[in-house]
file run_29.pdb (PDB, C-alpha atoms)
ATOM      1  CA  MET A   1     200.936   7.455  36.484  1.00  0.00           C
ATOM      2  CA  LYS A   2     204.269   8.126  34.769  1.00  0.00           C
ATOM      3  CA  LEU A   3     207.651   7.228  36.235  1.00  0.00           C
ATOM      4  CA  LYS A   4     211.091   8.334  35.128  1.00  0.00           C
ATOM      5  CA  LEU A   5     213.587   5.476  34.905  1.00  0.00           C
ATOM      6  CA  VAL A   6     217.362   5.551  34.551  1.00  0.00           C
ATOM      7  CA  ALA A   7     219.770   2.686  33.872  1.00  0.00           C
ATOM      8  CA  TRP A   8     223.528   3.188  33.976  1.00  0.00           C
ATOM      9  CA  ASN A   9     226.680   1.123  34.207  1.00  0.00           C
ATOM     10  CA  ILE A  10     228.629   3.597  36.316  1.00  0.00           C
ATOM     11  CA  TRP A  11     231.998   1.799  35.855  1.00  0.00           C
ATOM     12  CA  VAL A  12     234.116   0.776  38.815  1.00  0.00           C
ATOM     13  CA  ASP A  13     236.751   3.259  37.598  1.00  0.00           C
ATOM     14  CA  GLY A  14     234.229   6.093  37.235  1.00  0.00           C
ATOM     15  CA  TRP A  15     233.821   9.348  39.161  1.00  0.00           C
ATOM     16  CA  LEU A  16     231.403   9.723  42.078  1.00  0.00           C
ATOM     17  CA  ASP A  17     230.944  13.480  41.656  1.00  0.00           C
ATOM     18  CA  LYS A  18     229.955  13.037  38.007  1.00  0.00           C
ATOM     19  CA  TRP A  19     227.573  10.182  38.831  1.00  0.00           C
ATOM     20  CA  THR A  20     225.830  12.199  41.521  1.00  0.00           C
ATOM     21  CA  ASP A  21     225.689  15.325  39.359  1.00  0.00           C
ATOM     22  CA  PHE A  22     223.930  13.500  36.536  1.00  0.00           C
ATOM     23  CA  LEU A  23     221.582  11.554  38.793  1.00  0.00           C
ATOM     24  CA  GLN A  24     220.608  14.632  40.781  1.00  0.00           C
ATOM     25  CA  LYS A  25     219.692  16.468  37.578  1.00  0.00           C
ATOM     26  CA  ALA A  26     217.855  13.433  36.190  1.00  0.00           C
ATOM     27  CA  ASP A  27     215.750  13.168  39.365  1.00  0.00           C
ATOM     28  CA  ALA A  28     214.483   9.717  38.393  1.00  0.00           C
ATOM     29  CA  ASP A  29     211.868   7.763  40.321  1.00  0.00           C
ATOM     30  CA  ILE A  30     213.733   4.468  39.849  1.00  0.00           C
ATOM     31  CA  ILE A  31     217.452   4.087  39.133  1.00  0.00           C
ATOM     32  CA  CYS A  32     219.218   0.868  38.141  1.00  0.00           C
ATOM     33  CA  LEU A  33     223.014   0.901  38.368  1.00  0.00           C
ATOM     34  CA  GLN A  34     225.617  -1.662  37.377  1.00  0.00           C
ATOM     35  CA  GLU A  35     229.242  -2.068  38.537  1.00  0.00           C
ATOM     36  CA  VAL A  36     228.355  -0.736  41.972  1.00  0.00           C
ATOM     37  CA  LYS A  37     230.822  -1.433  44.808  1.00  0.00           C
ATOM     38  CA  ASP A  38     229.643  -1.356  48.409  1.00  0.00           C
ATOM     39  CA  ASP A  39     233.181  -1.373  49.838  1.00  0.00           C
ATOM     40  CA  ASP A  40     234.712   1.601  48.014  1.00  0.00           C
ATOM     41  CA  GLY A  41     234.780   4.612  50.330  1.00  0.00           C
ATOM     42  CA  LYS A  42     235.730   6.960  47.495  1.00  0.00           C
ATOM     43  CA  ARG A  43     232.787   5.922  45.331  1.00  0.00           C
ATOM     44  CA  ASP A  44     229.948   5.256  47.772  1.00  0.00           C
ATOM     45  CA  ILE A  45     227.011   5.871  45.463  1.00  0.00           C
ATOM     46  CA  ILE A  46     224.727   3.821  47.737  1.00  0.00           C
ATOM     47  CA  ALA A  47     225.286   6.285  50.585  1.00  0.00           C
ATOM     48  CA  GLU A  48     224.822   9.275  48.285  1.00  0.00           C
ATOM     49  CA  LEU A  49     221.484   8.088  46.920  1.00  0.00           C
ATOM     50  CA  THR A  50     220.294   6.947  50.336  1.00  0.00           C
ATOM     51  CA  LYS A  51     220.858  10.519  51.584  1.00  0.00           C
ATOM     52  CA  ARG A  52     218.610  11.687  48.761  1.00  0.00           C
ATOM     53  CA  GLY A  53     215.751   9.539  50.004  1.00  0.00           C
ATOM     54  CA  TYR A  54     216.049   6.449  47.816  1.00  0.00           C
ATOM     55  CA  GLU A  55     215.443   2.950  49.112  1.00  0.00           C
ATOM     56  CA  HIS A  56     217.689   0.319  47.532  1.00  0.00           C
ATOM     57  CA  THR A  57     218.516  -3.325  47.050  1.00  0.00           C
ATOM     58  CA  PHE A  58     221.964  -4.563  46.050  1.00  0.00           C
ATOM     59  CA  ALA A  59     222.945  -7.865  44.437  1.00  0.00           C
ATOM     60  CA  ALA A  60     226.690  -8.328  44.744  1.00  0.00           C
ATOM     61  CA  VAL A  61     228.841 -10.877  42.930  1.00  0.00           C
ATOM     62  CA  GLU A  62     232.400 -11.971  43.629  1.00  0.00           C
ATOM     63  CA  GLN A  63     234.880 -12.558  40.830  1.00  0.00           C
ATOM     64  CA  VAL A  64     238.630 -12.848  40.416  1.00  0.00           C
ATOM     65  CA  TRP A  65     240.207  -9.880  38.620  1.00  0.00           C
ATOM     66  CA  ASP A  66     243.945  -9.889  37.849  1.00  0.00           C
ATOM     67  CA  GLY A  67     244.330 -12.709  40.356  1.00  0.00           C
ATOM     68  CA  GLU A  68     242.573 -10.826  43.171  1.00  0.00           C
ATOM     69  CA  PRO A  69     239.054 -11.290  44.591  1.00  0.00           C
ATOM     70  CA  PHE A  70     236.768  -8.534  43.385  1.00  0.00           C
ATOM     71  CA  ARG A  71     233.241  -7.640  44.530  1.00  0.00           C
ATOM     72  CA  PHE A  72     230.697  -5.521  42.678  1.00  0.00           C
ATOM     73  CA  GLY A  73     227.104  -5.793  41.530  1.00  0.00           C
ATOM     74  CA  ASN A  74     223.756  -4.394  40.458  1.00  0.00           C
ATOM     75  CA  ALA A  75     221.639  -2.029  42.519  1.00  0.00           C
ATOM     76  CA  ILE A  76     218.070  -0.773  42.297  1.00  0.00           C
ATOM     77  CA  PHE A  77     217.150   2.564  43.897  1.00  0.00           C
ATOM     78  CA  SER A  78     213.551   3.700  44.318  1.00  0.00           C
ATOM     79  CA  LYS A  79     211.663   6.716  45.615  1.00  0.00           C
ATOM     80  CA  PHE A  80     208.782   4.312  46.276  1.00  0.00           C
ATOM     81  CA  PRO A  81     208.791   1.506  48.869  1.00  0.00           C
ATOM     82  CA  ILE A  82     210.623  -1.712  47.971  1.00  0.00           C
ATOM     83  CA  ILE A  83     208.389  -4.432  49.387  1.00  0.00           C
ATOM     84  CA  HIS A  84     210.425  -7.456  48.282  1.00  0.00           C
ATOM     85  CA  SER A  85     213.887  -8.029  46.814  1.00  0.00           C
ATOM     86  CA  GLU A  86     215.919 -10.959  45.500  1.00  0.00           C
ATOM     87  CA  LYS A  87     219.276 -11.793  44.013  1.00  0.00           C
ATOM     88  CA  ILE A  88     218.737 -13.776  40.805  1.00  0.00           C
ATOM     89  CA  GLN A  89     221.769 -16.006  40.236  1.00  0.00           C
ATOM     90  CA  LEU A  90     222.730 -16.169  36.559  1.00  0.00           C
ATOM     91  CA  GLU A  91     226.151 -17.802  36.887  1.00  0.00           C
ATOM     92  CA  THR A  92     228.401 -19.004  39.702  1.00  0.00           C
ATOM     93  CA  GLY A  93     232.148 -19.387  40.181  1.00  0.00           C
ATOM     94  CA  GLU A  94     234.881 -16.997  39.104  1.00  0.00           C
ATOM     95  CA  ARG A  95     232.603 -15.587  36.385  1.00  0.00           C
ATOM     96  CA  GLU A  96     229.647 -15.085  38.731  1.00  0.00           C
ATOM     97  CA  ARG A  97     226.796 -12.928  37.468  1.00  0.00           C
ATOM     98  CA  ALA A  98     223.513 -12.015  39.117  1.00  0.00           C
ATOM     99  CA  ALA A  99     220.509  -9.780  38.544  1.00  0.00           C
ATOM    100  CA  ALA A 100     218.812  -7.686  41.205  1.00  0.00           C
ATOM    101  CA  TYR A 101     215.022  -7.871  41.516  1.00  0.00           C
ATOM    102  CA  ALA A 102     212.745  -5.531  43.449  1.00  0.00           C
ATOM    103  CA  LYS A 103     208.998  -5.420  43.850  1.00  0.00           C
ATOM    104  CA  ILE A 104     208.165  -1.747  44.184  1.00  0.00           C
ATOM    105  CA  ASP A 105     204.883  -0.424  45.553  1.00  0.00           C
ATOM    106  CA  VAL A 106     203.918   2.522  43.362  1.00  0.00           C
ATOM    107  CA  ASN A 107     200.723   3.877  44.922  1.00  0.00           C
ATOM    108  CA  ASP A 108     199.360   0.357  45.493  1.00  0.00           C
ATOM    109  CA  ILE A 109     200.507  -0.927  42.092  1.00  0.00           C
ATOM    110  CA  VAL A 110     203.330  -3.472  42.231  1.00  0.00           C
ATOM    111  CA  LEU A 111     206.051  -2.849  39.643  1.00  0.00           C
ATOM    112  CA  ASN A 112     208.565  -5.671  39.090  1.00  0.00           C
ATOM    113  CA  VAL A 113     211.987  -4.160  38.409  1.00  0.00           C
ATOM    114  CA  PHE A 114     215.077  -6.120  37.390  1.00  0.00           C
ATOM    115  CA  THR A 115     218.571  -4.925  36.626  1.00  0.00           C
ATOM    116  CA  THR A 116     221.321  -7.053  35.141  1.00  0.00           C
ATOM    117  CA  HIS A 117     224.889  -6.966  33.866  1.00  0.00           C
ATOM    118  CA  LEU A 118     225.667  -9.868  31.569  1.00  0.00           C
ATOM    119  CA  ILE A 119     229.109 -11.215  30.832  1.00  0.00           C
ATOM    120  CA  HIS A 120     231.163  -9.134  28.396  1.00  0.00           C
ATOM    121  CA  THR A 121     231.865 -11.148  25.252  1.00  0.00           C
ATOM    122  CA  HIS A 122     233.550  -8.352  23.273  1.00  0.00           C
ATOM    123  CA  GLN A 123     230.449  -8.092  21.076  1.00  0.00           C
ATOM    124  CA  GLN A 124     230.791 -11.689  19.872  1.00  0.00           C
ATOM    125  CA  PRO A 125     228.184 -14.496  19.958  1.00  0.00           C
ATOM    126  CA  SER A 126     228.257 -16.338  23.279  1.00  0.00           C
ATOM    127  CA  GLU A 127     226.342 -19.363  24.523  1.00  0.00           C
ATOM    128  CA  GLU A 128     227.264 -18.344  28.069  1.00  0.00           C
ATOM    129  CA  GLN A 129     225.649 -14.943  27.630  1.00  0.00           C
ATOM    130  CA  GLU A 130     222.581 -16.526  26.039  1.00  0.00           C
ATOM    131  CA  GLU A 131     222.242 -18.903  29.008  1.00  0.00           C
ATOM    132  CA  GLN A 132     222.385 -15.976  31.425  1.00  0.00           C
ATOM    133  CA  THR A 133     219.677 -14.212  29.418  1.00  0.00           C
ATOM    134  CA  ASN A 134     217.444 -17.284  29.417  1.00  0.00           C
ATOM    135  CA  LYS A 135     217.831 -17.694  33.189  1.00  0.00           C
ATOM    136  CA  LEU A 136     216.752 -14.089  33.639  1.00  0.00           C
ATOM    137  CA  ILE A 137     213.772 -14.462  31.319  1.00  0.00           C
ATOM    138  CA  ALA A 138     212.634 -17.544  33.254  1.00  0.00           C
ATOM    139  CA  LYS A 139     212.340 -15.422  36.413  1.00  0.00           C
ATOM    140  CA  LEU A 140     210.205 -12.651  34.909  1.00  0.00           C
ATOM    141  CA  PRO A 141     206.587 -12.261  36.051  1.00  0.00           C
ATOM    142  CA  ASN A 142     203.805 -11.964  33.489  1.00  0.00           C
ATOM    143  CA  GLU A 143     202.930  -8.309  34.017  1.00  0.00           C
ATOM    144  CA  LYS A 144     204.198  -4.919  35.207  1.00  0.00           C
ATOM    145  CA  VAL A 145     207.825  -5.766  34.414  1.00  0.00           C
ATOM    146  CA  VAL A 146     210.811  -3.530  33.733  1.00  0.00           C
ATOM    147  CA  VAL A 147     214.280  -4.927  32.947  1.00  0.00           C
ATOM    148  CA  MET A 148     217.165  -2.470  32.748  1.00  0.00           C
ATOM    149  CA  GLY A 149     220.884  -2.737  32.480  1.00  0.00           C
ATOM    150  CA  ASP A 150     224.111  -3.416  30.666  1.00  0.00           C
ATOM    151  CA  PHE A 151     223.499  -6.532  28.616  1.00  0.00           C
ATOM    152  CA  ASN A 152     226.950  -6.361  26.991  1.00  0.00           C
ATOM    153  CA  ALA A 153     225.081  -7.396  23.851  1.00  0.00           C
ATOM    154  CA  THR A 154     224.431  -5.611  20.573  1.00  0.00           C
ATOM    155  CA  PRO A 155     220.905  -5.256  19.140  1.00  0.00           C
ATOM    156  CA  GLU A 156     221.379  -8.100  16.654  1.00  0.00           C
ATOM    157  CA  SER A 157     222.663 -10.540  19.298  1.00  0.00           C
ATOM    158  CA  ALA A 158     220.742 -13.638  20.333  1.00  0.00           C
ATOM    159  CA  SER A 159     220.418 -12.266  23.870  1.00  0.00           C
ATOM    160  CA  ILE A 160     218.647  -9.086  22.800  1.00  0.00           C
ATOM    161  CA  GLN A 161     216.479 -10.933  20.294  1.00  0.00           C
ATOM    162  CA  ALA A 162     215.415 -13.288  23.090  1.00  0.00           C
ATOM    163  CA  MET A 163     214.511 -10.335  25.320  1.00  0.00           C
ATOM    164  CA  GLU A 164     212.475  -8.758  22.533  1.00  0.00           C
ATOM    165  CA  LYS A 165     210.363 -11.894  22.248  1.00  0.00           C
ATOM    166  CA  VAL A 166     209.034 -11.428  25.799  1.00  0.00           C
ATOM    167  CA  LEU A 167     209.353  -7.676  26.441  1.00  0.00           C
ATOM    168  CA  VAL A 168     209.311  -4.425  24.474  1.00  0.00           C
ATOM    169  CA  ASN A 169     212.585  -2.635  23.739  1.00  0.00           C
ATOM    170  CA  THR A 170     212.001   1.040  24.567  1.00  0.00           C
ATOM    171  CA  ASP A 171     214.781   2.106  22.149  1.00  0.00           C
ATOM    172  CA  PRO A 172     213.982   0.769  18.675  1.00  0.00           C
ATOM    173  CA  GLY A 173     216.562   3.193  17.272  1.00  0.00           C
ATOM    174  CA  SER A 174     219.461   1.375  18.957  1.00  0.00           C
ATOM    175  CA  ILE A 175     221.272   4.551  19.996  1.00  0.00           C
ATOM    176  CA  PRO A 176     224.932   3.788  20.926  1.00  0.00           C
ATOM    177  CA  THR A 177     225.851   3.866  24.633  1.00  0.00           C
ATOM    178  CA  TRP A 178     229.505   2.679  24.764  1.00  0.00           C
ATOM    179  CA  SER A 179     232.390   3.494  25.093  1.00  0.00           C
ATOM    180  CA  MET A 180     233.387   6.884  26.385  1.00  0.00           C
ATOM    181  CA  TYR A 181     236.899   5.639  27.147  1.00  0.00           C
ATOM    182  CA  PRO A 182     239.272   3.096  25.513  1.00  0.00           C
ATOM    183  CA  GLU A 183     239.983   1.825  29.039  1.00  0.00           C
ATOM    184  CA  GLY A 184     236.411   0.549  29.110  1.00  0.00           C
ATOM    185  CA  CYS A 185     237.757  -2.697  27.644  1.00  0.00           C
ATOM    186  CA  ARG A 186     241.403  -3.709  27.603  1.00  0.00           C
ATOM    187  CA  LYS A 187     240.789  -6.078  24.703  1.00  0.00           C
ATOM    188  CA  CYS A 188     238.398  -4.008  22.563  1.00  0.00           C
ATOM    189  CA  LYS A 189     240.021  -0.615  23.241  1.00  0.00           C
ATOM    190  CA  PRO A 190     237.014   1.254  21.793  1.00  0.00           C
ATOM    191  CA  GLN A 191     237.770   4.644  20.265  1.00  0.00           C
ATOM    192  CA  LYS A 192     234.305   6.219  20.229  1.00  0.00           C
ATOM    193  CA  VAL A 193     230.718   5.773  21.358  1.00  0.00           C
ATOM    194  CA  ASP A 194     229.442   3.555  18.554  1.00  0.00           C
ATOM    195  CA  THR A 195     228.065   0.429  20.254  1.00  0.00           C
ATOM    196  CA  LYS A 196     224.680  -0.233  21.872  1.00  0.00           C
ATOM    197  CA  LEU A 197     225.014  -2.309  25.076  1.00  0.00           C
ATOM    198  CA  ASP A 198     222.525  -0.725  27.501  1.00  0.00           C
ATOM    199  CA  TYR A 199     218.756  -1.264  27.400  1.00  0.00           C
ATOM    200  CA  ILE A 200     215.425  -0.688  29.093  1.00  0.00           C
ATOM    201  CA  PHE A 201     212.744  -3.310  28.383  1.00  0.00           C
ATOM    202  CA  VAL A 202     209.124  -3.177  29.567  1.00  0.00           C
ATOM    203  CA  SER A 203     206.202  -5.605  29.519  1.00  0.00           C
ATOM    204  CA  LYS A 204     203.455  -4.992  26.986  1.00  0.00           C
ATOM    205  CA  ASP A 205     201.008  -3.785  29.630  1.00  0.00           C
ATOM    206  CA  LEU A 206     203.180  -0.723  30.358  1.00  0.00           C
ATOM    207  CA  GLY A 207     203.271   2.422  28.254  1.00  0.00           C
ATOM    208  CA  PHE A 208     206.479   4.319  27.569  1.00  0.00           C
ATOM    209  CA  ASP A 209     207.852   7.362  25.757  1.00  0.00           C
ATOM    210  CA  SER A 210     210.742   9.816  25.670  1.00  0.00           C
ATOM    211  CA  PHE A 211     213.603   7.301  25.534  1.00  0.00           C
ATOM    212  CA  GLN A 212     216.968   9.036  25.481  1.00  0.00           C
ATOM    213  CA  VAL A 213     220.642   8.437  25.999  1.00  0.00           C
ATOM    214  CA  GLY A 214     221.956  10.828  28.622  1.00  0.00           C
ATOM    215  CA  GLN A 215     225.245  12.671  28.473  1.00  0.00           C
ATOM    216  CA  SER A 216     227.894  12.237  31.158  1.00  0.00           C
ATOM    217  CA  ASP A 217     231.620  11.518  31.176  1.00  0.00           C
ATOM    218  CA  GLY A 218     231.398   9.882  34.589  1.00  0.00           C
ATOM    219  CA  SER A 219     231.597   6.345  33.159  1.00  0.00           C
ATOM    220  CA  ASP A 220     232.651   4.430  30.073  1.00  0.00           C
ATOM    221  CA  HIS A 221     228.905   3.839  29.489  1.00  0.00           C
ATOM    222  CA  LEU A 222     226.297   6.495  28.852  1.00  0.00           C
ATOM    223  CA  PRO A 223     223.098   6.388  30.933  1.00  0.00           C
ATOM    224  CA  VAL A 224     219.741   5.560  29.339  1.00  0.00           C
ATOM    225  CA  LEU A 225     216.415   7.072  30.405  1.00  0.00           C
ATOM    226  CA  VAL A 226     212.736   6.541  29.640  1.00  0.00           C
ATOM    227  CA  MET A 227     209.302   7.537  30.911  1.00  0.00           C
ATOM    228  CA  VAL A 228     207.075   4.573  31.772  1.00  0.00           C
ATOM    229  CA  GLU A 229     203.340   4.702  32.416  1.00  0.00           C
ATOM    230  CA  ILE A 230     201.889   2.116  34.776  1.00  0.00           C
TER     231      ILE A 230
END
call {"tool": "encode", "arguments": {"input": "run_29.pdb", "output": "structure tokens"}}
result
Amino acid sequence: MKLKLVAWNIWVDGWLDKWTDFLQKADADIICLQEVKDDDGKRDIIAELTKRGYEHTFAAVEQVWDGEPFRFGNAIFSKFPIIHSEKIQLETGERERAAAYAKIDVNDIVLNVFTTHLIHTHQQPSEEQEEQTNKLIAKLPNEKVVVMGDFNATPESASIQAMEKVLVNTDPGSIPTWSMYPEGCRKCKPQKVDTKLDYIFVSKDLGFDSFQVGQSDGSDHLPVLVMVEI
């Protein structure tokens, strides 16, 4: 059986109508989103996808942004039943990070889906980011695994190399996914989409094809999509 997967950092400053337009057209079986807020009435993507029949799990983190408490996180949405979910803590404190994990029952086959959003290091080597990656890897089951998300890491980084030792990168071409807007990073101020930060990894027992980077101006990141055979 083939499933269509989408991963997308939708950006806390993004546009709900553009998110929903792309996701409706994509019509994916499983969607992993980063930078989701569950307390933003103007950007309630959880409510929108729930209306479309998706089950979900949400792993929120709390950070301090410009001196103010700030809450956002990773969410997994599925057309198939979610039979178990967890928040995988990757870091605590003001720089808290967490991954969301869902066991999804796909016609009596359990698919283990993770989505993560690692710390942004402005594309520089980071022991902190590597530690978060290693904590995630330690939680992965041995089979039927998909890991999707914004790793904030380039293909040559230690974090991505570590992931590629345990899972298969569905985009060997390293197609750029960031940034649509200079406001995507106050420090980097990117001027064009020329950096790969978003990935879909699968375990070796899963087949895959048709990886692509989607087109939408609803976020500073572009969505990534792939077909996975279980």
call {"tool": "atom_distance", "arguments": {"input": "run_29.pdb", "atom1": "atom CA of A:Ser219", "atom2": "atom CA of A:Ile30"}}
result
19.2 Å
call {"tool": "resolve_selection", "arguments": {"input": "run_29.pdb", "expression": "the PyMOL selection byres ((chain A and resi 71) around 12)", "output": "PDB file with C-alpha atoms, keeping the file's coordinate frame"}}
result
ATOM      1  CA  VAL A  12     234.116   0.776  38.815  1.00  0.00           C
ATOM      2  CA  GLU A  35     229.242  -2.068  38.537  1.00  0.00           C
ATOM      3  CA  VAL A  36     228.355  -0.736  41.972  1.00  0.00           C
ATOM      4  CA  LYS A  37     230.822  -1.433  44.808  1.00  0.00           C
ATOM      5  CA  ASP A  38     229.643  -1.356  48.409  1.00  0.00           C
ATOM      6  CA  ASP A  39     233.181  -1.373  49.838  1.00  0.00           C
ATOM      7  CA  ASP A  40     234.712   1.601  48.014  1.00  0.00           C
ATOM      8  CA  PHE A  58     221.964  -4.563  46.050  1.00  0.00           C
ATOM      9  CA  ALA A  59     222.945  -7.865  44.437  1.00  0.00           C
ATOM     10  CA  ALA A  60     226.690  -8.328  44.744  1.00  0.00           C
ATOM     11  CA  VAL A  61     228.841 -10.877  42.930  1.00  0.00           C
ATOM     12  CA  GLU A  62     232.400 -11.971  43.629  1.00  0.00           C
ATOM     13  CA  GLN A  63     234.880 -12.558  40.830  1.00  0.00           C
ATOM     14  CA  VAL A  64     238.630 -12.848  40.416  1.00  0.00           C
ATOM     15  CA  TRP A  65     240.207  -9.880  38.620  1.00  0.00           C
ATOM     16  CA  GLU A  68     242.573 -10.826  43.171  1.00  0.00           C
ATOM     17  CA  PRO A  69     239.054 -11.290  44.591  1.00  0.00           C
ATOM     18  CA  PHE A  70     236.768  -8.534  43.385  1.00  0.00           C
ATOM     19  CA  PHE A  72     230.697  -5.521  42.678  1.00  0.00           C
ATOM     20  CA  GLY A  73     227.104  -5.793  41.530  1.00  0.00           C
ATOM     21  CA  ASN A  74     223.756  -4.394  40.458  1.00  0.00           C
ATOM     22  CA  GLU A  94     234.881 -16.997  39.104  1.00  0.00           C
ATOM     23  CA  ARG A  95     232.603 -15.587  36.385  1.00  0.00           C
ATOM     24  CA  GLU A  96     229.647 -15.085  38.731  1.00  0.00           C
ATOM     25  CA  ARG A  97     226.796 -12.928  37.468  1.00  0.00           C
ATOM     26  CA  ALA A  98     223.513 -12.015  39.117  1.00  0.00           C
TER      27      ALA A  98
END
call {"tool": "residues_near_point", "arguments": {"input": "run_29.pdb", "point": "(216.2, 4.2, 25.0)", "cutoff": "9 Å", "atoms": "only C-alpha atoms", "output": "JSON, numbers by chain"}}
result
{"A": [169, 170, 171, 172, 173, 174, 175, 198, 199, 200, 201, 209, 210, 211, 212, 213, 224, 225, 226]}
call {"tool": "residues_around", "arguments": {"input": "run_29.pdb", "residues": "A:Gln191", "least_positions_apart": "3", "cutoff": "8 Å", "atoms": "only C-alpha atoms", "output": "list of chain:residue names"}}
result
A:Ser179, A:Met180, A:Tyr181, A:Pro182
call {"tool": "resolve_selection", "arguments": {"input": "run_29.pdb", "expression": "the PyMOL selection byres ((chain A and resi 147-154) around 7)", "output": "PDB file with C-alpha atoms, in the frame of the given file"}}
result
ATOM      1  CA  ALA A   7     219.770   2.686  33.872  1.00  0.00           C
ATOM      2  CA  TRP A   8     223.528   3.188  33.976  1.00  0.00           C
ATOM      3  CA  ASN A   9     226.680   1.123  34.207  1.00  0.00           C
ATOM      4  CA  CYS A  32     219.218   0.868  38.141  1.00  0.00           C
ATOM      5  CA  GLN A  34     225.617  -1.662  37.377  1.00  0.00           C
ATOM      6  CA  VAL A 113     211.987  -4.160  38.409  1.00  0.00           C
ATOM      7  CA  PHE A 114     215.077  -6.120  37.390  1.00  0.00           C
ATOM      8  CA  THR A 115     218.571  -4.925  36.626  1.00  0.00           C
ATOM      9  CA  THR A 116     221.321  -7.053  35.141  1.00  0.00           C
ATOM     10  CA  HIS A 117     224.889  -6.966  33.866  1.00  0.00           C
ATOM     11  CA  LEU A 118     225.667  -9.868  31.569  1.00  0.00           C
ATOM     12  CA  ILE A 119     229.109 -11.215  30.832  1.00  0.00           C
ATOM     13  CA  HIS A 120     231.163  -9.134  28.396  1.00  0.00           C
ATOM     14  CA  GLN A 123     230.449  -8.092  21.076  1.00  0.00           C
ATOM     15  CA  VAL A 145     207.825  -5.766  34.414  1.00  0.00           C
ATOM     16  CA  VAL A 146     210.811  -3.530  33.733  1.00  0.00           C
ATOM     17  CA  PRO A 155     220.905  -5.256  19.140  1.00  0.00           C
ATOM     18  CA  GLU A 156     221.379  -8.100  16.654  1.00  0.00           C
ATOM     19  CA  SER A 157     222.663 -10.540  19.298  1.00  0.00           C
ATOM     20  CA  SER A 159     220.418 -12.266  23.870  1.00  0.00           C
ATOM     21  CA  ILE A 160     218.647  -9.086  22.800  1.00  0.00           C
ATOM     22  CA  LYS A 196     224.680  -0.233  21.872  1.00  0.00           C
ATOM     23  CA  LEU A 197     225.014  -2.309  25.076  1.00  0.00           C
ATOM     24  CA  ASP A 198     222.525  -0.725  27.501  1.00  0.00           C
ATOM     25  CA  TYR A 199     218.756  -1.264  27.400  1.00  0.00           C
ATOM     26  CA  ILE A 200     215.425  -0.688  29.093  1.00  0.00           C
ATOM     27  CA  PHE A 201     212.744  -3.310  28.383  1.00  0.00           C
ATOM     28  CA  VAL A 202     209.124  -3.177  29.567  1.00  0.00           C
TER      29      VAL A 202
END
call {"tool": "decode", "arguments": {"input": "run_29.pdb", "residues": "stretch 165-176 of chain A", "atoms": "N, CA and C atoms", "output": "compact mmCIF listing (two decimals), in the first residue's frame"}}
result
# COMPACT_ATOMS: atom_id res chain seq x y z
N LYS A 165 22.71 7.45 8.75
CA LYS A 165 23.31 6.18 9.17
C LYS A 165 22.25 5.18 9.64
N VAL A 166 21.08 5.68 10.04
CA VAL A 166 20.04 4.79 10.57
C VAL A 166 18.80 4.73 9.69
N LEU A 167 18.58 5.76 8.87
CA LEU A 167 17.41 5.80 7.99
C LEU A 167 17.83 6.24 6.59
N VAL A 168 16.91 6.13 5.65
CA VAL A 168 17.18 6.50 4.26
C VAL A 168 16.61 7.89 3.99
N ASN A 169 17.43 8.75 3.43
CA ASN A 169 17.00 10.09 3.03
C ASN A 169 16.25 9.98 1.70
N THR A 170 14.99 10.36 1.68
CA THR A 170 14.19 10.20 0.45
C THR A 170 14.52 11.24 -0.61
N ASP A 171 15.37 12.23 -0.27
CA ASP A 171 15.77 13.25 -1.25
C ASP A 171 17.28 13.29 -1.39
N PRO A 172 17.87 12.37 -2.13
CA PRO A 172 19.32 12.39 -2.31
C PRO A 172 19.81 13.59 -3.10
N GLY A 173 18.89 14.30 -3.78
CA GLY A 173 19.28 15.46 -4.56
C GLY A 173 19.41 16.73 -3.76
N SER A 174 19.00 16.70 -2.50
CA SER A 174 19.13 17.86 -1.59
C SER A 174 18.53 19.13 -2.19
N ILE A 175 17.28 19.04 -2.61
CA ILE A 175 16.60 20.20 -3.20
C ILE A 175 16.36 21.26 -2.12
N PRO A 176 16.71 22.53 -2.37
CA PRO A 176 16.53 23.59 -1.37
C PRO A 176 15.06 23.76 -0.95
